[in-house]
Every structure is written in structure tokens, then in C-alpha cells.
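> Mind having a look at this structure? Questions to follow.
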Amino acid sequence: MTALPRIETERLVLRPFEIHDAPSVEKLAGTREVAETTLAIPHPYPAGGAAPWIEMHAGAWQRGERLTLAICDRVGPEQLLGAISLVIEREHSRGEIGYWIAREKWGRGYASEAAHAVTGYAFADVELHRVQGRCFTRNPASARVMQKLGMRLEGVHRQAHFRFGRFEDSAMYAILAAEWNALRATTSRPADPSR
């Protein structure tokens with residue numbers, strides 16, 4: 001793998017995290033509303049915990065294991081809006097996307113726009129066969145992000161995760177490279193993922 005990529009969309013810049021992003025990660029990802037929609041973000045977020053997480057990104061990408069990028073506004077690429085990742089399993093030629101957006105930026109289509117860009121990158125540049133994603137069934141906004149990508153609901157894993165004192169059902173969505181390419185071919189212009 002080469003250096004971590006920088007991907008630009010109509011409104012966003014997806015760029016490698018930098019150490020100076022650490023305080024923003026701890027503040028934004030550490031809010032209860034954001035953390036409780038994810039499988040792994042701790043709450044409260046430990047002070048100093050974001051810097052070691054950021055330092056792992058380049059190595060994980062070099063090993064071909066994971067792509068993690070900061071979601072930023074194109075107007076001010078230093079302003080952190082959230083994060084997006086692609087966990088890569090080369091053995092099976094698949095990747096799994098995950099994302100979070102700062103609570104005050106919800107409802108603006110940023111997750112959809114970033115997920116669209118990273119899914120396209122996964123198929124075109126990483127050359128994966130399948131991209132999948134999971135969300136808690138009580139999180140319809142995340143399900144809509146995956147549905148907008150053309151992903152299909154493949155099933156629900158009942159009470160598969162224990163998070164914040166309760167068991168959670170998670171829904172699995174996925175799309176194959178051929179399906180992604182067919183959707184792009186039938187669209188005269190790229191779909192606006194923010195809608």
C-alpha cells in the first residue's frame with residue numbers, strides 16, 4: 001500500500017488524521033450520542049486516547065488492514081466533522097465500512113457522501129469484491145446511509161452486541177462490485193449521496 005489517500009467529494013475532504021486532530025476526536029466522538037451508535041467508541045472517551053489511535057492509522061494502511069480517514073468540510077479541511085474507516089479482509093476480498101459524524105452535524109448527508117466516496121474507492125482502487133456495513137437496528141439513519149449506497153439488507157444478528165448495559169440487534173448490509181458498477185452505469189450522473 002502507498003501513503004494514506006486523500007479523497008475529495010463535492011462538499012468534503014477525506015484526509016489522513018493528524019495528531020492535532022486528537023482533541024477534536026476526543027470531544028466529538030466522545031459525546032454519548034455518537035458513542036452509543038457505534039460498536040467500539042468508548043464513553044467517556046479517555047483523555048489522551050485519540051493520539052495513539054491516530055498513530056496506528058498509517059501502519060494499518062501499509063499492512064493492508066484498514067483505511068481510516070478524517071471527514072472534513074472542503075471549505076475548511078482542518079474542521080473535523082467525523083471519521084470513516086474501511087476494514088479490509090484481503091483473504092475474502094471484502095471490506096467493512098464504519099463511520100461517525102459529530103452530533104451537531106447530523107442530518108446533513110455527510111455520512112452518506114463520505115461512505116459513497118470510500119465505497120467507490122474500495123471497489124476501484126483497493127479492488128475489493130464486496131463492501132459491507134453494520135448498524136444497530138435502532139439506528140435508522142445509519143441504515144439509510146447504507147441503503148443509499150445500494151447495499152442490501154442481508155440479515156439481522158439478534159442481540160449480538162452488549163453495549164451500554166443492553167443487548168443490541170445489528171443489521172448487516174452489503175453490496176458487490178458488480179452491483180456497484182451496474183448502479184453507476186445506469187445513472188446518467190452521479191447520485192447526490194446527501195439526499
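Each chain in the C-alpha cells gets a letter, A, B and so on, in the order shown; residues start at 1 in every chain, and ligands are counted from 1 in the order they appear.
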Can you pull out every residue within 10 Å of Pro42 (chain A), counting only C-alpha atoms, but drop anything in the same chain fewer than 4 positions away, and send it as JSON, numbers by chain?
{"A": [26, 29, 30, 31, 32, 34, 35, 36, 38, 46, 49, 164]}
> I'd like the contact shell of Trp53 (chain A) - 10 Å cut-off, only C-alpha atoms, skipping same-chain residues fewer than 5 positions apart - returned as a list of chain:residue names.
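After dropping sequence-adjacent residues, the list is A:Phe17, A:Ile19, A:Ala22, A:Val25, A:Gly48.
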> Save out the residues we just selected, all heavy atoms, as an mmCIF file, in the first residue's frame.

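What follows is the written file selection-v3.cif:
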data_model
loop_
_atom_site.group_PDB
_atom_site.id
_atom_site.type_symbol
_atom_site.label_atom_id
_atom_site.label_comp_id
_atom_site.auth_asym_id
_atom_site.auth_seq_id
_atom_site.Cartn_x
_atom_site.Cartn_y
_atom_site.Cartn_z
ATOM 1 N N PHE A 17 -5.864 11.480 9.311
ATOM 2 C CA PHE A 17 -5.864 12.188 10.588
ATOM 3 C C PHE A 17 -4.449 12.652 10.903
ATOM 4 O O PHE A 17 -3.468 12.014 10.522
ATOM 5 C CB PHE A 17 -6.340 11.264 11.712
ATOM 6 C CG PHE A 17 -7.824 11.190 11.860
ATOM 7 C CD1 PHE A 17 -8.543 10.192 11.208
ATOM 8 C CD2 PHE A 17 -8.502 12.086 12.665
ATOM 9 C CE1 PHE A 17 -9.921 10.114 11.344
ATOM 10 C CE2 PHE A 17 -9.878 12.015 12.814
ATOM 11 C CZ PHE A 17 -10.591 11.025 12.154
ATOM 12 N N ILE A 19 -2.032 14.387 14.267
ATOM 13 C CA ILE A 19 -2.019 14.407 15.727
ATOM 14 C C ILE A 19 -2.793 15.593 16.290
ATOM 15 O O ILE A 19 -3.461 15.479 17.313
ATOM 16 C CB ILE A 19 -0.568 14.381 16.264
ATOM 17 C CG1 ILE A 19 0.044 12.990 16.031
ATOM 18 C CG2 ILE A 19 -0.508 14.720 17.742
ATOM 19 C CD1 ILE A 19 -0.688 11.849 16.735
ATOM 20 N N ALA A 22 -6.406 15.132 17.533
ATOM 21 C CA ALA A 22 -6.731 14.298 18.694
ATOM 22 C C ALA A 22 -7.724 14.947 19.655
ATOM 23 O O ALA A 22 -8.704 14.304 20.054
ATOM 24 C CB ALA A 22 -5.454 13.879 19.421
ATOM 25 N N VAL A 25 -11.180 14.739 18.146
ATOM 26 C CA VAL A 25 -11.705 13.368 18.163
ATOM 27 C C VAL A 25 -12.274 13.047 19.533
ATOM 28 O O VAL A 25 -13.401 12.545 19.656
ATOM 29 C CB VAL A 25 -10.603 12.351 17.787
ATOM 30 C CG1 VAL A 25 -11.078 10.918 18.050
ATOM 31 C CG2 VAL A 25 -10.195 12.511 16.328
ATOM 32 N N GLY A 48 -6.380 11.706 26.182
ATOM 33 C CA GLY A 48 -5.134 11.211 25.600
ATOM 34 C C GLY A 48 -5.301 9.956 24.773
ATOM 35 O O GLY A 48 -4.334 9.447 24.206
#
> What does the distance from CA of Asp73 (chain A) to CA of Trp106 (chain A) come to in Å, to one decimal?
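CA of Trp106 (chain A) lies at a distance of 13.6 Å from CA of Asp73 (chain A).
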> Could you check which of A:Tyr110, A:Ile88, A:Thr2, A:Leu80 is closest to Gln62 (chain A), using only C-alpha atoms?
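Result for the nearest residue to Gln62 (chain A): A:Thr2.
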> List every residue of region 66-185 of chain A that DSSP, applied to the backbone, labels as strand (DSSP E), and write the result as an MDAnalysis selection string.
chainID A and resid 66:73 80:89 94:101 130:136 152:163 166:176
